[in-house]
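Only one structure is covered here, and it is reproduced in the block below.
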Amino acid sequence: MIRNIISGAVMALAFVGVTSAEVTVAPAGAFSASGKLAMKKGAIPVSCHTTFNGHVSEQGAIRVTEVIFGGINPLCKSIKALALPWQGQVEHPGRLTVDDMQVKVRVPLLGGICGPGPVTLVWGNTDGSATFDAVTLGPDCAMDGTMVTSPQVDIRRAKPSASSSQAVRQPAVTHSGGS
């Protein structure tokens, strides 16, 4: 009896975890996300117009293939994305993570490498934006800013299909009946 209750609880948690991670992204395919990104390496802040180019799948897999740092501040040209492509995932409709972000700041004495590491961004469906909200990237980098996607990307919670719900729930029913 206790084994059946524990098995049922584990399967219920697995079911909740699966459905909360499933998303639908539209349009899937190539995207560009641009905006002002304030980056700080150590104590040196610099704001740059930044563009992230890449691809996103309908299920939320992200691949950043190019990052361009520009703007009127000449320090922006000293920032370079490393180890592209970066991989990531939309975790749920309000959050996404880029797993292996890494940048190099090429400034004498104060420069260096930030990352690699995961960076979690807040997603806004109203304007199709990803926001760096006091994001840190080791050892001593921080980022703030909002990147707006083009085409505007829409992320929704996927509707579970009847067959996927049955597939997940069936083992708990089958297992609880066989003690």
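Residue numbering restarts at 1 in every chain; chains get A, B, ... in the order shown in the structure tokens, and ligands count up from 1 in that same order.
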Proximity check segment 48-116 of chain A to segment 144-154 of chain A, 12 Å, nearest pairs one decimal Å, only C-alpha atoms, as CSV:
```
residue,atom,partner,partner_atom,distance
A:Cys48,CA,A:Gly145,CA,9.7
A:His49,CA,A:Met147,CA,9.5
A:Thr50,CA,A:Met147,CA,7.9
A:Thr51,CA,A:Met147,CA,7.7
A:Phe52,CA,A:Met147,CA,8.3
A:Asn53,CA,A:Thr149,CA,9.4
A:Gly54,CA,A:Thr149,CA,10.6
A:His55,CA,A:Val153,CA,11.1
A:Val56,CA,A:Val153,CA,9.3
A:Ser57,CA,A:Val153,CA,11.1
A:Glu58,CA,A:Asp154,CA,10.2
A:Gln59,CA,A:Asp154,CA,11.8
A:Gly60,CA,A:Asp154,CA,10.6
A:Val67,CA,A:Met147,CA,11.9
A:Val90,CA,A:Asp154,CA,11.3
A:His92,CA,A:Asp154,CA,11.8
A:Pro93,CA,A:Asp154,CA,8.7
A:Gly94,CA,A:Asp154,CA,10.7
```
Restricted to C-alpha atoms, what would the selected residues look like written as a short mmCIF file (atom, residue, chain, number, x, y, z; two decimals), in the first residue's frame?
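To be explicit, this is the file written out as part.cif:
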```cif
data_model
loop_
_atom_site.label_atom_id
_atom_site.label_comp_id
_atom_site.auth_asym_id
_atom_site.auth_seq_id
_atom_site.Cartn_x
_atom_site.Cartn_y
_atom_site.Cartn_z
CA CYS A 48 26.09 48.74 -25.97
CA HIS A 49 23.47 48.16 -28.62
CA THR A 50 23.56 44.37 -28.73
CA THR A 51 22.07 41.88 -31.18
CA PHE A 52 21.72 38.13 -30.62
CA ASN A 53 21.02 36.07 -33.76
CA GLY A 54 20.05 32.44 -33.73
CA HIS A 55 17.35 29.80 -34.02
CA VAL A 56 14.61 28.56 -31.72
CA SER A 57 12.66 25.34 -32.14
CA GLU A 58 8.91 25.00 -31.67
CA GLN A 59 9.67 23.13 -28.41
CA GLY A 60 11.90 25.96 -27.09
CA VAL A 67 26.31 38.19 -31.03
CA VAL A 90 12.83 28.01 -22.81
CA HIS A 92 8.51 27.92 -19.16
CA PRO A 93 6.61 30.81 -20.76
CA GLY A 94 8.24 33.37 -18.43
#
```
Selection near segment 76-81 of chain A, 6 Å with only C-alpha atoms, sequence-local residues under 4 positions removed, as a list in words |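 Skipping anything fewer than 4 positions along the chain leaves Cys48, Phe69, Gly70, Val103, Lys104, Val105 and Arg106 of chain A.
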Apply DSSP to the backbone of this structure and, from segment 1-171 of chain A, keep only the residues in alpha helix (DSSP H); write these as a ChimeraX atom specification.
-> /A:2-21,162-171
Output file for the selection above: N, CA, C and O atoms, as a CSV table (one decimal), in the first residue's frame:
```csv
chain,number,residue,atom,x,y,z
A,2,ILE,N,1.8,1.3,0.9
A,2,ILE,CA,2.7,2.5,1.0
A,2,ILE,C,3.5,2.6,-0.3
A,2,ILE,O,3.7,3.7,-0.8
A,3,ARG,N,4.0,1.5,-0.8
A,3,ARG,CA,4.7,1.5,-2.1
A,3,ARG,C,3.8,2.1,-3.2
A,3,ARG,O,4.3,2.9,-4.0
A,4,ASN,N,2.6,1.8,-3.2
A,4,ASN,CA,1.7,2.3,-4.3
A,4,ASN,C,1.5,3.8,-4.1
A,4,ASN,O,1.4,4.5,-5.1
A,5,ILE,N,1.4,4.2,-2.9
A,5,ILE,CA,1.2,5.7,-2.6
A,5,ILE,C,2.4,6.4,-3.0
A,5,ILE,O,2.4,7.5,-3.7
A,6,ILE,N,3.6,5.9,-2.7
A,6,ILE,CA,4.9,6.6,-3.1
A,6,ILE,C,5.0,6.5,-4.6
A,6,ILE,O,5.4,7.6,-5.2
A,7,SER,N,4.7,5.4,-5.2
A,7,SER,CA,4.8,5.3,-6.7
A,7,SER,C,3.8,6.3,-7.3
A,7,SER,O,4.2,7.0,-8.3
A,8,GLY,N,2.6,6.5,-6.8
A,8,GLY,CA,1.7,7.4,-7.3
A,8,GLY,C,2.1,8.8,-7.2
A,8,GLY,O,2.0,9.7,-8.1
A,9,ALA,N,2.7,9.2,-6.0
A,9,ALA,CA,3.2,10.5,-5.8
A,9,ALA,C,4.4,10.8,-6.7
A,9,ALA,O,4.5,11.9,-7.3
A,10,VAL,N,5.3,9.9,-6.9
A,10,VAL,CA,6.4,10.1,-7.8
A,10,VAL,C,5.9,10.3,-9.2
A,10,VAL,O,6.4,11.2,-9.9
A,11,MET,N,5.0,9.5,-9.7
A,11,MET,CA,4.4,9.7,-11.0
A,11,MET,C,3.7,11.0,-11.2
A,11,MET,O,3.8,11.7,-12.2
A,12,ALA,N,3.0,11.5,-10.1
A,12,ALA,CA,2.3,12.8,-10.2
A,12,ALA,C,3.3,13.9,-10.3
A,12,ALA,O,3.1,14.8,-11.0
A,13,LEU,N,4.4,13.8,-9.5
A,13,LEU,CA,5.4,14.8,-9.6
A,13,LEU,C,6.1,14.8,-11.0
A,13,LEU,O,6.3,15.9,-11.6
A,14,ALA,N,6.3,13.6,-11.5
A,14,ALA,CA,6.9,13.5,-12.9
A,14,ALA,C,5.9,14.2,-13.9
A,14,ALA,O,6.3,14.9,-14.8
A,15,PHE,N,4.6,13.9,-13.7
A,15,PHE,CA,3.6,14.5,-14.6
A,15,PHE,C,3.6,16.0,-14.6
A,15,PHE,O,3.7,16.7,-15.6
A,16,VAL,N,3.6,16.6,-13.4
A,16,VAL,CA,3.7,18.0,-13.2
A,16,VAL,C,4.9,18.6,-13.8
A,16,VAL,O,4.9,19.6,-14.5
A,17,GLY,N,6.1,17.9,-13.6
A,17,GLY,CA,7.4,18.4,-14.1
A,17,GLY,C,7.4,18.4,-15.6
A,17,GLY,O,7.8,19.4,-16.2
A,18,VAL,N,6.8,17.4,-16.2
A,18,VAL,CA,6.8,17.3,-17.7
A,18,VAL,C,5.9,18.4,-18.3
A,18,VAL,O,6.3,19.1,-19.2
A,19,THR,N,4.7,18.6,-17.7
A,19,THR,CA,3.8,19.6,-18.3
A,19,THR,C,4.3,21.0,-18.1
A,19,THR,O,4.1,21.9,-18.9
A,20,SER,N,5.0,21.3,-17.0
A,20,SER,CA,5.4,22.7,-16.7
A,20,SER,C,6.6,23.0,-17.6
A,20,SER,O,6.8,24.2,-17.9
A,21,ALA,N,7.3,22.1,-18.1
A,21,ALA,CA,8.5,22.4,-19.0
A,21,ALA,C,8.1,22.4,-20.5
A,21,ALA,O,8.9,22.9,-21.3
A,162,ALA,N,-4.0,14.2,-25.1
A,162,ALA,CA,-4.6,13.1,-24.3
A,162,ALA,C,-3.7,11.9,-24.3
A,162,ALA,O,-3.6,11.2,-23.3
A,163,SER,N,-3.0,11.6,-25.4
A,163,SER,CA,-2.1,10.5,-25.5
A,163,SER,C,-0.9,10.6,-24.6
A,163,SER,O,-0.5,9.7,-23.9
A,164,SER,N,-0.3,11.9,-24.5
A,164,SER,CA,0.8,12.0,-23.6
A,164,SER,C,0.4,12.0,-22.1
A,164,SER,O,1.1,11.5,-21.3
A,165,SER,N,-0.8,12.5,-21.8
A,165,SER,CA,-1.3,12.4,-20.4
A,165,SER,C,-1.5,10.9,-20.0
A,165,SER,O,-1.2,10.5,-18.9
A,166,GLN,N,-2.1,10.1,-20.9
A,166,GLN,CA,-2.3,8.7,-20.6
A,166,GLN,C,-1.0,8.0,-20.5
A,166,GLN,O,-0.8,7.2,-19.6
A,167,ALA,N,0.0,8.3,-21.3
A,167,ALA,CA,1.3,7.6,-21.3
A,167,ALA,C,1.9,7.9,-19.9
A,167,ALA,O,2.6,7.0,-19.4
A,168,VAL,N,1.8,9.1,-19.4
A,168,VAL,CA,2.5,9.4,-18.1
A,168,VAL,C,1.7,8.8,-17.0
A,168,VAL,O,2.2,8.3,-16.0
A,169,ARG,N,0.4,8.9,-17.0
A,169,ARG,CA,-0.5,8.5,-15.9
A,169,ARG,C,-0.6,6.9,-15.9
A,169,ARG,O,-0.7,6.4,-14.8
A,170,GLN,N,-0.5,6.3,-17.0
A,170,GLN,CA,-0.8,4.9,-17.1
A,170,GLN,C,0.1,4.0,-16.1
A,170,GLN,O,-0.4,3.2,-15.4
A,171,PRO,N,1.4,4.2,-16.1
A,171,PRO,CA,2.2,3.4,-15.2
A,171,PRO,C,1.8,3.5,-13.7
A,171,PRO,O,1.8,2.5,-13.0
```
Could you pull out the strand (DSSP E) residues of segment 59-176 of chain A from DSSP and send them as a count of residues only?
-> 67
Who sits within 8 Å of Trp123 of chain A, only C-alpha atoms, same chain under 3 positions skipped, as a PyMOL selection string | chain A and resi 93-96+128-131
Can you tell me, as number ranges by chain, what residues are no more than 9 Å from segment 38-45 of chain A when counting only C-alpha atoms, ignoring any on the same chain fewer than 5 positions away?
-> A: 105, 110-114, 139-145
Output the selection as a PDB file, in the first residue's frame - N, CA, C and O atoms for each residue.
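Written out: out-v6.pdb:
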```pdb
ATOM      1  N   VAL A 105      36.153  40.544 -22.733  1.00  0.00           N
ATOM      2  CA  VAL A 105      36.304  41.995 -22.760  1.00  0.00           C
ATOM      3  C   VAL A 105      37.784  42.257 -22.988  1.00  0.00           C
ATOM      4  O   VAL A 105      38.618  41.913 -22.149  1.00  0.00           O
ATOM      5  N   LEU A 110      42.072  45.659 -17.291  1.00  0.00           N
ATOM      6  CA  LEU A 110      40.761  45.453 -16.672  1.00  0.00           C
ATOM      7  C   LEU A 110      39.912  44.419 -17.402  1.00  0.00           C
ATOM      8  O   LEU A 110      38.840  44.071 -16.934  1.00  0.00           O
ATOM      9  N   GLY A 111      40.361  43.955 -18.529  1.00  0.00           N
ATOM     10  CA  GLY A 111      39.586  43.019 -19.323  1.00  0.00           C
ATOM     11  C   GLY A 111      39.676  41.604 -18.810  1.00  0.00           C
ATOM     12  O   GLY A 111      40.223  41.330 -17.741  1.00  0.00           O
ATOM     13  N   GLY A 112      39.104  40.707 -19.583  1.00  0.00           N
ATOM     14  CA  GLY A 112      39.141  39.304 -19.225  1.00  0.00           C
ATOM     15  C   GLY A 112      37.923  38.583 -19.761  1.00  0.00           C
ATOM     16  O   GLY A 112      37.140  39.134 -20.527  1.00  0.00           O
ATOM     17  N   ILE A 113      37.768  37.353 -19.316  1.00  0.00           N
ATOM     18  CA  ILE A 113      36.678  36.512 -19.800  1.00  0.00           C
ATOM     19  C   ILE A 113      35.586  36.417 -18.737  1.00  0.00           C
ATOM     20  O   ILE A 113      35.877  36.262 -17.550  1.00  0.00           O
ATOM     21  N   CYS A 114      34.358  36.504 -19.202  1.00  0.00           N
ATOM     22  CA  CYS A 114      33.178  36.318 -18.360  1.00  0.00           C
ATOM     23  C   CYS A 114      32.536  35.007 -18.784  1.00  0.00           C
ATOM     24  O   CYS A 114      32.207  34.828 -19.947  1.00  0.00           O
ATOM     25  N   PRO A 139      33.637  35.490 -13.652  1.00  0.00           N
ATOM     26  CA  PRO A 139      33.833  35.698 -12.224  1.00  0.00           C
ATOM     27  C   PRO A 139      33.360  37.061 -11.724  1.00  0.00           C
ATOM     28  O   PRO A 139      33.015  37.204 -10.559  1.00  0.00           O
ATOM     29  N   ASP A 140      33.299  38.079 -12.587  1.00  0.00           N
ATOM     30  CA  ASP A 140      32.979  39.420 -12.087  1.00  0.00           C
ATOM     31  C   ASP A 140      32.231  40.264 -13.112  1.00  0.00           C
ATOM     32  O   ASP A 140      32.502  41.438 -13.283  1.00  0.00           O
ATOM     33  N   CYS A 141      31.250  39.655 -13.774  1.00  0.00           N
ATOM     34  CA  CYS A 141      30.496  40.374 -14.800  1.00  0.00           C
ATOM     35  C   CYS A 141      29.018  40.418 -14.430  1.00  0.00           C
ATOM     36  O   CYS A 141      28.497  39.503 -13.791  1.00  0.00           O
ATOM     37  N   ALA A 142      28.360  41.484 -14.853  1.00  0.00           N
ATOM     38  CA  ALA A 142      26.925  41.647 -14.638  1.00  0.00           C
ATOM     39  C   ALA A 142      26.321  42.287 -15.876  1.00  0.00           C
ATOM     40  O   ALA A 142      26.996  43.040 -16.593  1.00  0.00           O
ATOM     41  N   MET A 143      25.034  41.962 -16.142  1.00  0.00           N
ATOM     42  CA  MET A 143      24.354  42.479 -17.319  1.00  0.00           C
ATOM     43  C   MET A 143      22.928  42.884 -16.980  1.00  0.00           C
ATOM     44  O   MET A 143      22.260  42.206 -16.207  1.00  0.00           O
ATOM     45  N   ASP A 144      22.488  43.982 -17.576  1.00  0.00           N
ATOM     46  CA  ASP A 144      21.113  44.455 -17.485  1.00  0.00           C
ATOM     47  C   ASP A 144      20.694  44.940 -18.863  1.00  0.00           C
ATOM     48  O   ASP A 144      21.484  45.575 -19.566  1.00  0.00           O
ATOM     49  N   GLY A 145      19.460  44.669 -19.241  1.00  0.00           N
ATOM     50  CA  GLY A 145      18.951  45.176 -20.504  1.00  0.00           C
ATOM     51  C   GLY A 145      17.851  44.292 -21.041  1.00  0.00           C
ATOM     52  O   GLY A 145      17.630  43.185 -20.556  1.00  0.00           O
TER      53      GLY A 145
END
```
Pick from A:Leu137, A:Ile62, A:Leu121, A:Ile72, whichever lies nearest to Met101 of chain A using only C-alpha atoms =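 The answer is A:Leu137, which sits nearest to Met101 of chain A.
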